[in-house]
>>> print(open('data-v6.pdb').read())   # PDB, C-alpha atoms
ATOM      1  CA  MET B   1     -46.885 -69.309  37.942
ATOM      2  CA  ASP B   2     -49.012 -67.836  35.133
ATOM      3  CA  LYS B   3     -48.925 -64.374  36.671
ATOM      4  CA  TRP B   4     -45.235 -63.957  37.525
ATOM      5  CA  ILE B   5     -43.075 -66.625  35.868
ATOM      6  CA  LYS B   6     -44.402 -67.196  32.375
ATOM      7  CA  PRO B   7     -45.091 -63.541  31.407
ATOM      8  CA  TYR B   8     -41.612 -62.537  32.593
ATOM      9  CA  ALA B   9     -39.694 -65.658  31.551
ATOM     10  CA  ALA B  10     -37.538 -63.899  28.943
ATOM     11  CA  LEU B  11     -36.852 -61.030  31.330
ATOM     12  CA  TRP B  12     -35.822 -63.278  34.246
ATOM     13  CA  LEU B  13     -33.682 -65.518  32.039
ATOM     14  CA  THR B  14     -31.842 -62.693  30.316
ATOM     15  CA  MET B  15     -31.226 -60.799  33.542
ATOM     16  CA  LEU B  16     -29.955 -63.986  35.190
ATOM     17  CA  ILE B  17     -27.544 -64.699  32.355
ATOM     18  CA  GLY B  18     -26.590 -61.032  32.081
ATOM     19  CA  GLY B  19     -26.012 -60.747  35.808
ATOM     20  CA  SER B  20     -23.748 -63.776  35.746
ATOM     21  CA  LEU B  21     -21.885 -62.225  32.822
ATOM     22  CA  VAL B  22     -21.366 -58.944  34.691
ATOM     23  CA  VAL B  23     -20.018 -60.773  37.736
ATOM     24  CA  ALA B  24     -17.738 -62.792  35.450
ATOM     25  CA  LEU B  25     -16.558 -59.561  33.833
ATOM     26  CA  ALA B  26     -15.855 -58.151  37.291
ATOM     27  CA  LEU B  27     -13.761 -61.222  38.131
ATOM     28  CA  LEU B  28     -11.920 -61.150  34.815
ATOM     29  CA  GLY B  29     -11.407 -57.403  34.951
ATOM     30  CA  ALA B  30     -10.076 -57.659  38.482
ATOM     31  CA  GLU B  31      -7.566 -60.320  37.441
ATOM     32  CA  VAL B  32      -6.357 -58.314  34.459
ATOM     33  CA  TYR B  33      -6.292 -55.193  36.597
ATOM     34  CA  SER B  34      -4.116 -56.872  39.222
ATOM     35  CA  ASN B  35      -1.607 -57.925  36.572
ATOM     36  CA  VAL B  36      -1.404 -54.416  35.179
ATOM     37  CA  VAL B  37      -1.037 -52.810  38.595
ATOM     38  CA  ASP B  38       1.840 -55.145  39.395
ATOM     39  CA  ASP B  39       3.719 -53.551  36.515
ATOM     40  CA  GLU B  40       2.865 -50.040  37.741
ATOM     41  CA  GLY B  41       1.142 -49.363  34.457
ATOM     42  CA  LEU B  42      -1.874 -47.540  35.857
ATOM     43  CA  THR B  43       0.051 -45.055  37.957
ATOM     44  CA  ASN B  44       0.369 -42.935  34.831
ATOM     45  CA  LEU B  45      -3.361 -42.180  35.200
ATOM     46  CA  ASP B  46      -4.064 -42.433  38.898
ATOM     47  CA  ILE B  47      -1.334 -40.337  40.497
ATOM     48  CA  PRO B  48      -1.596 -37.323  38.141
ATOM     49  CA  ALA B  49      -5.399 -37.307  38.560
ATOM     50  CA  LEU B  50      -5.089 -37.336  42.342
ATOM     51  CA  GLU B  51      -2.441 -34.630  42.352
ATOM     52  CA  TYR B  52      -4.545 -32.404  40.099
ATOM     53  CA  SER B  53      -7.574 -32.898  42.353
ATOM     54  CA  GLN B  54      -5.569 -31.731  45.349
ATOM     55  CA  THR B  55      -4.806 -28.438  43.618
ATOM     56  CA  LEU B  56      -8.544 -27.737  43.247
ATOM     57  CA  ARG B  57      -9.543 -28.288  46.863
ATOM     58  CA  ASN B  58     -10.657 -25.660  49.337
ATOM     59  CA  PRO B  59     -12.840 -25.990  52.473
ATOM     60  CA  GLU B  60     -16.028 -24.721  50.838
ATOM     61  CA  LEU B  61     -15.722 -26.867  47.719
ATOM     62  CA  ASP B  62     -14.713 -29.895  49.784
ATOM     63  CA  ALA B  63     -17.901 -29.579  51.843
ATOM     64  CA  VAL B  64     -20.103 -29.272  48.756
ATOM     65  CA  VAL B  65     -18.527 -32.265  46.998
ATOM     66  CA  THR B  66     -18.694 -34.350  50.178
ATOM     67  CA  GLY B  67     -22.420 -33.628  50.466
ATOM     68  CA  PHE B  68     -22.920 -34.547  46.828
ATOM     69  CA  THR B  69     -20.934 -37.786  46.994
ATOM     70  CA  ASN B  70     -23.004 -38.907  50.002
ATOM     71  CA  ILE B  71     -26.020 -39.102  47.667
ATOM     72  CA  GLY B  72     -24.362 -42.042  45.936
ATOM     73  CA  GLY B  73     -23.498 -43.857  49.154
ATOM     74  CA  GLY B  74     -25.065 -46.728  51.019
ATOM     75  CA  VAL B  75     -27.759 -44.489  52.510
ATOM     76  CA  GLY B  76     -28.287 -41.729  49.959
ATOM     77  CA  MET B  77     -28.613 -43.859  46.820
ATOM     78  CA  PRO B  78     -31.211 -46.315  48.233
ATOM     79  CA  ILE B  79     -33.330 -43.361  49.371
ATOM     80  CA  LEU B  80     -33.049 -41.585  46.013
ATOM     81  CA  ALA B  81     -33.689 -44.806  44.075
ATOM     82  CA  SER B  82     -36.712 -45.683  46.216
ATOM     83  CA  ILE B  83     -38.305 -42.258  45.735
ATOM     84  CA  LEU B  84     -37.812 -42.233  41.957
ATOM     85  CA  THR B  85     -38.845 -45.875  41.568
ATOM     86  CA  ALA B  86     -42.007 -45.329  43.616
ATOM     87  CA  TRP B  87     -42.868 -42.283  41.499
ATOM     88  CA  LEU B  88     -42.393 -44.144  38.212
ATOM     89  CA  THR B  89     -44.313 -47.142  39.567
ATOM     90  CA  PHE B  90     -47.227 -44.864  40.462
ATOM     91  CA  LEU B  91     -47.211 -43.251  37.017
ATOM     92  CA  SER B  92     -46.939 -46.478  35.019
ATOM     93  CA  ARG B  93     -49.235 -48.564  37.228
ATOM     94  CA  THR B  94     -46.961 -51.553  36.563
ATOM     95  CA  TRP B  95     -44.329 -53.489  38.492
ATOM     96  CA  ARG B  96     -41.767 -52.710  35.784
ATOM     97  CA  PRO B  97     -39.773 -50.012  37.643
ATOM     98  CA  ILE B  98     -39.506 -52.131  40.809
ATOM     99  CA  ILE B  99     -38.445 -55.261  38.925
ATOM    100  CA  LEU B 100     -35.882 -53.547  36.692
ATOM    101  CA  VAL B 101     -34.341 -51.184  39.235
ATOM    102  CA  GLY B 102     -34.393 -53.716  42.065
ATOM    103  CA  GLY B 103     -32.896 -56.536  40.000
ATOM    104  CA  ALA B 104     -30.251 -54.321  38.422
ATOM    105  CA  ALA B 105     -29.217 -52.812  41.762
ATOM    106  CA  ALA B 106     -28.919 -56.236  43.426
ATOM    107  CA  VAL B 107     -26.449 -57.459  40.788
ATOM    108  CA  SER B 108     -24.568 -54.156  40.919
ATOM    109  CA  ILE B 109     -24.052 -54.400  44.673
ATOM    110  CA  TYR B 110     -22.939 -58.022  44.389
ATOM    111  CA  ALA B 111     -20.464 -57.224  41.589
ATOM    112  CA  THR B 112     -19.037 -54.383  43.683
ATOM    113  CA  THR B 113     -18.565 -56.662  46.677
ATOM    114  CA  VAL B 114     -16.920 -59.394  44.592
ATOM    115  CA  GLY B 115     -14.557 -56.971  42.873
ATOM    116  CA  LYS B 116     -13.452 -55.309  46.111
ATOM    117  CA  ARG B 117     -12.780 -58.604  47.879
ATOM    118  CA  LEU B 118     -10.915 -60.100  44.937
ATOM    119  CA  VAL B 119      -8.621 -57.164  44.191
ATOM    120  CA  GLY B 120      -8.257 -55.725  47.688
ATOM    121  CA  ARG B 121      -6.719 -52.556  46.329
ATOM    122  CA  THR B 122      -5.729 -49.908  48.867
ATOM    123  CA  ARG B 123      -7.339 -46.491  48.608
ATOM    124  CA  PRO B 124      -5.249 -43.329  48.361
ATOM    125  CA  ASP B 125      -3.521 -42.483  51.626
ATOM    126  CA  HIS B 126      -5.633 -40.563  54.136
ATOM    127  CA  SER B 127      -3.108 -37.734  54.032
ATOM    128  CA  GLU B 128      -4.173 -37.167  50.424
ATOM    129  CA  ALA B 129      -7.935 -37.512  51.036
ATOM    130  CA  VAL B 130     -10.719 -35.356  52.449
ATOM    131  CA  PRO B 131     -12.383 -36.667  55.623
ATOM    132  CA  PRO B 132     -14.477 -38.575  56.534
ATOM    133  CA  PHE B 133     -12.152 -41.363  55.440
ATOM    134  CA  GLU B 134     -13.211 -44.723  54.038
ATOM    135  CA  HIS B 135     -11.513 -48.029  54.756
ATOM    136  CA  SER B 136     -13.022 -50.628  52.411
ATOM    137  CA  PRO B 137     -11.036 -51.828  49.346
ATOM    138  CA  SER B 138     -10.837 -49.353  46.502
ATOM    139  CA  PHE B 139     -11.566 -51.292  43.296
ATOM    140  CA  PRO B 140     -14.113 -50.800  41.808
ATOM    141  CA  SER B 141     -15.745 -47.592  43.021
ATOM    142  CA  GLY B 142     -19.063 -48.676  44.519
ATOM    143  CA  HIS B 143     -20.483 -45.157  44.421
ATOM    144  CA  THR B 144     -19.736 -44.941  40.704
ATOM    145  CA  LEU B 145     -20.863 -48.444  39.749
ATOM    146  CA  ASN B 146     -24.124 -48.364  41.692
ATOM    147  CA  THR B 147     -24.966 -44.815  40.627
ATOM    148  CA  THR B 148     -24.371 -45.711  36.977
ATOM    149  CA  VAL B 149     -26.657 -48.732  37.224
ATOM    150  CA  VAL B 150     -29.487 -47.215  39.244
ATOM    151  CA  ILE B 151     -29.633 -43.902  37.388
ATOM    152  CA  GLY B 152     -29.151 -45.624  34.021
ATOM    153  CA  VAL B 153     -32.067 -48.011  34.544
ATOM    154  CA  LEU B 154     -34.248 -45.240  35.978
ATOM    155  CA  LEU B 155     -33.571 -43.153  32.857
ATOM    156  CA  TYR B 156     -34.597 -46.084  30.677
ATOM    157  CA  VAL B 157     -37.864 -46.569  32.582
ATOM    158  CA  LEU B 158     -38.535 -42.827  32.499
ATOM    159  CA  CYS B 159     -38.068 -42.757  28.726
ATOM    160  CA  LEU B 160     -40.603 -45.577  28.428
ATOM    161  CA  GLN B 161     -43.081 -43.567  30.459
ATOM    162  CA  PHE B 162     -42.603 -40.168  28.808
ATOM    163  CA  HIS B 163     -42.600 -39.862  25.021
ATOM    164  CA  GLN B 164     -41.917 -36.123  24.737
ATOM    165  CA  LEU B 165     -38.488 -35.566  23.211
ATOM    166  CA  TRP B 166     -37.637 -32.631  25.466
ATOM    167  CA  VAL B 167     -38.398 -34.672  28.587
ATOM    168  CA  ARG B 168     -36.172 -37.523  27.439
ATOM    169  CA  VAL B 169     -33.297 -35.262  26.390
ATOM    170  CA  THR B 170     -33.461 -33.286  29.639
ATOM    171  CA  ALA B 171     -33.597 -36.408  31.799
ATOM    172  CA  ILE B 172     -30.775 -38.199  29.974
ATOM    173  CA  THR B 173     -28.555 -35.114  30.029
ATOM    174  CA  ALA B 174     -29.120 -34.572  33.758
ATOM    175  CA  GLY B 175     -28.611 -38.283  34.482
ATOM    176  CA  VAL B 176     -25.357 -38.533  32.543
ATOM    177  CA  ILE B 177     -23.995 -35.405  34.219
ATOM    178  CA  PHE B 178     -24.964 -36.841  37.614
ATOM    179  CA  ILE B 179     -23.205 -40.153  36.880
ATOM    180  CA  ILE B 180     -20.018 -38.477  35.637
ATOM    181  CA  ALA B 181     -19.983 -36.009  38.530
ATOM    182  CA  MET B 182     -20.434 -38.822  41.063
ATOM    183  CA  GLY B 183     -17.406 -40.654  39.722
ATOM    184  CA  LEU B 184     -15.221 -37.557  39.564
ATOM    185  CA  SER B 185     -16.223 -36.577  43.101
ATOM    186  CA  ARG B 186     -14.633 -39.796  44.359
ATOM    187  CA  VAL B 187     -11.324 -38.860  42.747
ATOM    188  CA  PHE B 188     -11.580 -35.239  43.849
ATOM    189  CA  LEU B 189     -11.999 -36.254  47.500
ATOM    190  CA  GLY B 190      -9.164 -38.778  47.297
ATOM    191  CA  HIS B 191     -11.445 -41.698  48.167
ATOM    192  CA  HIS B 192     -10.712 -43.584  44.941
ATOM    193  CA  TRP B 193      -8.178 -43.806  42.160
ATOM    194  CA  LEU B 194      -9.299 -42.716  38.695
ATOM    195  CA  THR B 195      -9.069 -46.307  37.420
ATOM    196  CA  ASP B 196     -11.475 -47.437  40.175
ATOM    197  CA  VAL B 197     -13.999 -44.925  38.895
ATOM    198  CA  THR B 198     -13.408 -45.829  35.248
ATOM    199  CA  ALA B 199     -14.048 -49.487  36.049
ATOM    200  CA  GLY B 200     -17.287 -48.494  37.804
ATOM    201  CA  TRP B 201     -18.498 -46.607  34.754
ATOM    202  CA  LEU B 202     -17.641 -49.443  32.358
ATOM    203  CA  LEU B 203     -19.088 -52.269  34.451
ATOM    204  CA  GLY B 204     -22.176 -50.230  35.300
ATOM    205  CA  GLY B 205     -22.752 -49.249  31.689
ATOM    206  CA  ALA B 206     -22.394 -52.854  30.552
ATOM    207  CA  TRP B 207     -24.926 -54.063  33.102
ATOM    208  CA  VAL B 208     -27.425 -51.300  32.222
ATOM    209  CA  GLY B 209     -27.150 -52.330  28.573
ATOM    210  CA  LEU B 210     -27.869 -55.956  29.458
ATOM    211  CA  VAL B 211     -30.882 -54.999  31.584
ATOM    212  CA  ILE B 212     -32.306 -52.945  28.713
ATOM    213  CA  LEU B 213     -31.645 -55.824  26.320
ATOM    214  CA  ALA B 214     -33.464 -58.198  28.672
ATOM    215  CA  HIS B 215     -36.476 -55.926  28.807
ATOM    216  CA  ARG B 216     -36.609 -55.458  25.044
ATOM    217  CA  LEU B 217     -36.411 -59.240  24.528
ATOM    218  CA  PHE B 218     -39.200 -59.629  27.056
ATOM    219  CA  HIS B 219     -41.526 -57.403  25.010
ATOM    220  CA  LEU B 220     -40.421 -58.955  21.724
ATOM    221  CA  THR B 221     -41.294 -62.402  23.061
ATOM    222  CA  ARG B 222     -44.688 -61.233  24.260
ATOM    223  CA  ARG B 223     -45.531 -59.677  20.906
ATOM    224  CA  LYS B 224     -44.632 -62.886  19.106
ATOM    225  CA  GLU B 225     -46.819 -64.902  21.465
ATOM    226  CA  HIS B 226     -49.724 -62.423  21.135
ATOM    227  CA  VAL B 227     -50.366 -62.462  24.857
ATOM    228  CA  GLY B 228     -50.948 -58.737  25.231
ATOM    229  CA  PRO B 229     -49.246 -56.241  27.519
ATOM    230  CA  ALA B 230     -47.408 -57.072  30.708
ATOM    231  CA  PRO B 231     -49.425 -57.392  33.942
ATOM    232  CA  THR B 232     -50.398 -54.115  35.582
ATOM    233  CA  PHE B 233     -52.066 -53.129  38.838
ATOM    234  CA  ASP B 234     -55.398 -52.742  37.058
ATOM    235  CA  HIS B 235     -55.076 -55.953  35.007
ATOM    236  CA  PRO B 236     -52.754 -58.290  36.893
ATOM    237  CA  VAL B 237     -53.591 -61.461  34.965
ATOM    238  CA  VAL B 238     -53.099 -60.912  31.256
ATOM    239  CA  ARG B 239     -54.761 -64.168  30.241
ATOM    240  CA  ASP B 240     -58.083 -63.159  31.821
ATOM    241  CA  VAL B 241     -57.959 -59.691  30.293
ATOM    242  CA  VAL B 242     -57.328 -61.063  26.810
ATOM    243  CA  ALA B 243     -60.068 -63.684  27.215
ATOM    244  CA  GLU B 244     -62.506 -61.009  28.351
ATOM    245  CA  LYS B 245     -61.727 -58.815  25.355
ATOM    246  CA  ILE B 246     -62.158 -61.733  22.963
ATOM    247  CA  HIS B 247     -65.483 -62.608  24.599
ATOM    248  CA  ASP B 248     -66.723 -59.010  24.368
ATOM    249  CA  HIS B 249     -65.591 -58.737  20.760
ATOM    250  CA  GLY B 250     -67.373 -61.951  19.837
ATOM    251  CA  ARG B 251     -70.545 -60.822  21.593
ATOM    252  CA  ASP B 252     -70.480 -57.513  19.723
ATOM    253  CA  ARG B 253     -70.061 -59.284  16.407
ATOM    254  CA  HIS B 254     -72.941 -61.615  17.231
ATOM    255  CA  GLY B 255     -75.120 -58.683  18.155
ATOM    256  CA  ASP B 256     -74.291 -56.860  14.907
ATOM    257  CA  HIS B 257     -75.452 -59.827  12.839
ATOM    258  CA  SER B 258     -78.538 -60.694  14.863
ATOM    259  CA  GLU B 259     -80.174 -57.263  15.161
ATOM    260  CA  PRO B 260     -80.533 -56.523  11.436
ATOM    261  CA  ALA B 261     -81.713 -60.069  10.870
ATOM    262  CA  ALA B 262     -84.514 -59.680  13.414
ATOM    263  CA  GLY B 263     -85.776 -56.447  11.891
ATOM    264  CA  ARG B 264     -85.374 -57.397   8.246
ATOM    265  CA  SER B 265     -88.138 -58.894   6.091
ATOM    266  CA  PRO B 266     -87.606 -61.422   3.304
ATOM    267  CA  GLY B 267     -88.336 -58.692   0.828
ATOM    268  CA  ASP B 268     -85.544 -56.564   2.245
ATOM    269  CA  HIS B 269     -83.104 -59.400   1.633
ATOM    270  CA  HIS B 270     -83.954 -59.569  -2.050
ATOM    271  CA  ALA B 271     -83.966 -55.813  -2.349
ATOM    272  CA  GLY B 272     -80.447 -55.653  -0.894
TER     273      GLY B 272
END
>>> encode(input="data-v6.pdb", output="structure tokens")
Amino acid sequence: MDKWIKPYAALWLTMLIGGSLVVALALLGAEVYSNVVDDEGLTNLDIPALEYSQTLRNPELDAVVTGFTNIGGGVGMPILASILTAWLTFLSRTWRPIILVGGAAAVSIYATTVGKRLVGRTRPDHSEAVPPFEHSPSFPSGHTLNTTVVIGVLLYVLCLQFHQLWVRVTAITAGVIFIIAMGLSRVFLGHHWLTDVTAGWLLGGAWVGLVILAHRLFHLTRRKEHVGPAPTFDHPVVRDVVAEKIHDHGRDRHGDHSEPAAGRSPGDHHAG
């Protein structure tokens, strides 16, 4: 309890509330989306985007984009996320990357599943898409939503680990390009409508923001309580570490006062 619940109480609570909010937003967005689609309002975006994508296709480019989009799929993204999370966990020597990335990804996958089942939107026709074809509902784009969340949280953790400006700028630039390219690849291949991808970006960005907010509140709460840093591999129980430091500090202070007193004569006291 002291090791895992209390130190992370603000983090767990905020992520729980935030996750519920994201799922609620997915439900609300799906309902609003369905009403708009009924009026054919979104075809002004979706059909022109798909038609333009078809003009850009050729066998070589199709193969490259298909390989790239597989990175954001149900196999590629977990592998990529696991490698990067393990690397950041090794560097930071804390559980922070695993907790943040794992928790954020779990909510992202759930929100994707809920949105697809609720809306049940049909993907573009296979005659307009590049094989291999996909058959699950179209809204929202799972590749886009999950990539936005996983890469967004990984970028946040990386920026906490590295303080050099050039590292942060390079990582954020590469991450944003990767997220945008992943979404556009889904439209290019005809696997999703543009509005599916846009919804993935918006929902994913909102959830990343809430995860970051949860983590910042977690540290703010800990600073106010003066309980020291979060548990790490080297110091898993913060309470014991803090108590040990206080004990050592008190012992040093006691030693500083006792040594001069033992070597000082009464005459020295008056001379001082």
>>> resolve_selection(input="data-v6.pdb", expression="the PyMOL selection byres ((chain B and resi 97-110) around 7)", output="list in words")
Gly19, Thr85, Leu88, Thr89, Trp95, Arg96, Ala111, Thr112, Thr113, Val114, Leu145, Asn146, Val149, Val150, Val153, Leu154, Val157 and Val211 of chain B
>>> write_last_selection(input="data-v6.pdb", atoms="C-alpha atoms", output="CSV table (one decimal), in the coordinates of the input")
chain,number,residue,atom,x,y,z
B,19,GLY,CA,-26.0,-60.7,35.8
B,85,THR,CA,-38.8,-45.9,41.6
B,88,LEU,CA,-42.4,-44.1,38.2
B,89,THR,CA,-44.3,-47.1,39.6
B,95,TRP,CA,-44.3,-53.5,38.5
B,96,ARG,CA,-41.8,-52.7,35.8
B,111,ALA,CA,-20.5,-57.2,41.6
B,112,THR,CA,-19.0,-54.4,43.7
B,113,THR,CA,-18.6,-56.7,46.7
B,114,VAL,CA,-16.9,-59.4,44.6
B,145,LEU,CA,-20.9,-48.4,39.7
B,146,ASN,CA,-24.1,-48.4,41.7
B,149,VAL,CA,-26.7,-48.7,37.2
B,150,VAL,CA,-29.5,-47.2,39.2
B,153,VAL,CA,-32.1,-48.0,34.5
B,154,LEU,CA,-34.2,-45.2,36.0
B,157,VAL,CA,-37.9,-46.6,32.6
B,211,VAL,CA,-30.9,-55.0,31.6
>>> closest_residue(input="data-v6.pdb", among="B:Leu80, B:Val65, B:Leu165, B:Leu184", to="Val197 of chain B", atoms="only C-alpha atoms")
B:Leu184
>>> atom_distance(input="data-v6.pdb", atom1="atom CA of Gly72 of chain B", atom2="atom CA of Phe133 of chain B")
15.5 Å
>>> resolve_selection(input="data-v6.pdb", expression="the PyMOL selection byres ((chain B and resi 136) around 12)", output="ChimeraX atom specification")
/B:112-113,115-117,119-124,133-135,137-142,191-192
>>> write_last_selection(input="data-v6.pdb", atoms="C-alpha atoms", output="mmCIF file, in the frame of the given file")
data_model
loop_
_atom_site.group_PDB
_atom_site.id
_atom_site.type_symbol
_atom_site.label_atom_id
_atom_site.label_comp_id
_atom_site.auth_asym_id
_atom_site.auth_seq_id
_atom_site.Cartn_x
_atom_site.Cartn_y
_atom_site.Cartn_z
ATOM 1 C CA THR B 112 -19.037 -54.383 43.683
ATOM 2 C CA THR B 113 -18.565 -56.662 46.677
ATOM 3 C CA GLY B 115 -14.557 -56.971 42.873
ATOM 4 C CA LYS B 116 -13.452 -55.309 46.111
ATOM 5 C CA ARG B 117 -12.780 -58.604 47.879
ATOM 6 C CA VAL B 119 -8.621 -57.164 44.191
ATOM 7 C CA GLY B 120 -8.257 -55.725 47.688
ATOM 8 C CA ARG B 121 -6.719 -52.556 46.329
ATOM 9 C CA THR B 122 -5.729 -49.908 48.867
ATOM 10 C CA ARG B 123 -7.339 -46.491 48.608
ATOM 11 C CA PRO B 124 -5.249 -43.329 48.361
ATOM 12 C CA PHE B 133 -12.152 -41.363 55.440
ATOM 13 C CA GLU B 134 -13.211 -44.723 54.038
ATOM 14 C CA HIS B 135 -11.513 -48.029 54.756
ATOM 15 C CA PRO B 137 -11.036 -51.828 49.346
ATOM 16 C CA SER B 138 -10.837 -49.353 46.502
ATOM 17 C CA PHE B 139 -11.566 -51.292 43.296
ATOM 18 C CA PRO B 140 -14.113 -50.800 41.808
ATOM 19 C CA SER B 141 -15.745 -47.592 43.021
ATOM 20 C CA GLY B 142 -19.063 -48.676 44.519
ATOM 21 C CA HIS B 191 -11.445 -41.698 48.167
ATOM 22 C CA HIS B 192 -10.712 -43.584 44.941
#
>>> atom_distance(input="data-v6.pdb", atom1="atom CA of Tyr52 of chain B", atom2="atom CA of Leu203 of chain B")
25.3 Å
>>> residues_around(input="data-v6.pdb", residues="Gly74 of chain B", least_positions_apart="4", cutoff="9 Å", atoms="all atoms listed in the file", output="PDB file with C-alpha atoms, in the coordinates of the input")
ATOM      1  CA  ASN B  70     -23.004 -38.907  50.002  1.00  0.00           C
ATOM      2  CA  PRO B  78     -31.211 -46.315  48.233  1.00  0.00           C
ATOM      3  CA  HIS B 143     -20.483 -45.157  44.421  1.00  0.00           C
TER       4      HIS B 143
END
>>> atom_distance(input="data-v6.pdb", atom1="atom CA of Arg186 of chain B", atom2="atom CA of Ile151 of chain B")
17.0 Å
>>> residues_around(input="data-v6.pdb", residues="Leu155 of chain B", least_positions_apart="2", cutoff="10 Å", atoms="only C-alpha atoms", output="number ranges by chain")
B: 149-153, 157-161, 168, 171-176
>>> axis_aligned_box(input="data-v6.pdb", around="segment 90-103 of chain B", padding_each_side="3 Å", output="AutoDock Vina command-line options")
--center_x -41.1 --center_y -49.9 --center_z 38.5 --size_x 22.3 --size_y 19.3 --size_z 13.0
>>> closest_residue(input="data-v6.pdb", among="B:Phe178, B:Leu56, B:Ala63, B:Thr144", to="Trp193 of chain B", atoms="only C-alpha atoms")
B:Thr144
>>> resolve_selection(input="data-v6.pdb", expression="the PyMOL selection byres ((chain B and resi 46) around 12)", output="VMD selection string")
chain B and resid 37 40 to 45 47 to 53 123 to 124 187 to 188 190 to 198
>>> closest_residue(input="data-v6.pdb", among="B:Leu16, B:Ile179, B:Leu118, B:Leu91", to="Met77 of chain B", atoms="all atoms listed in the file")
B:Ile179
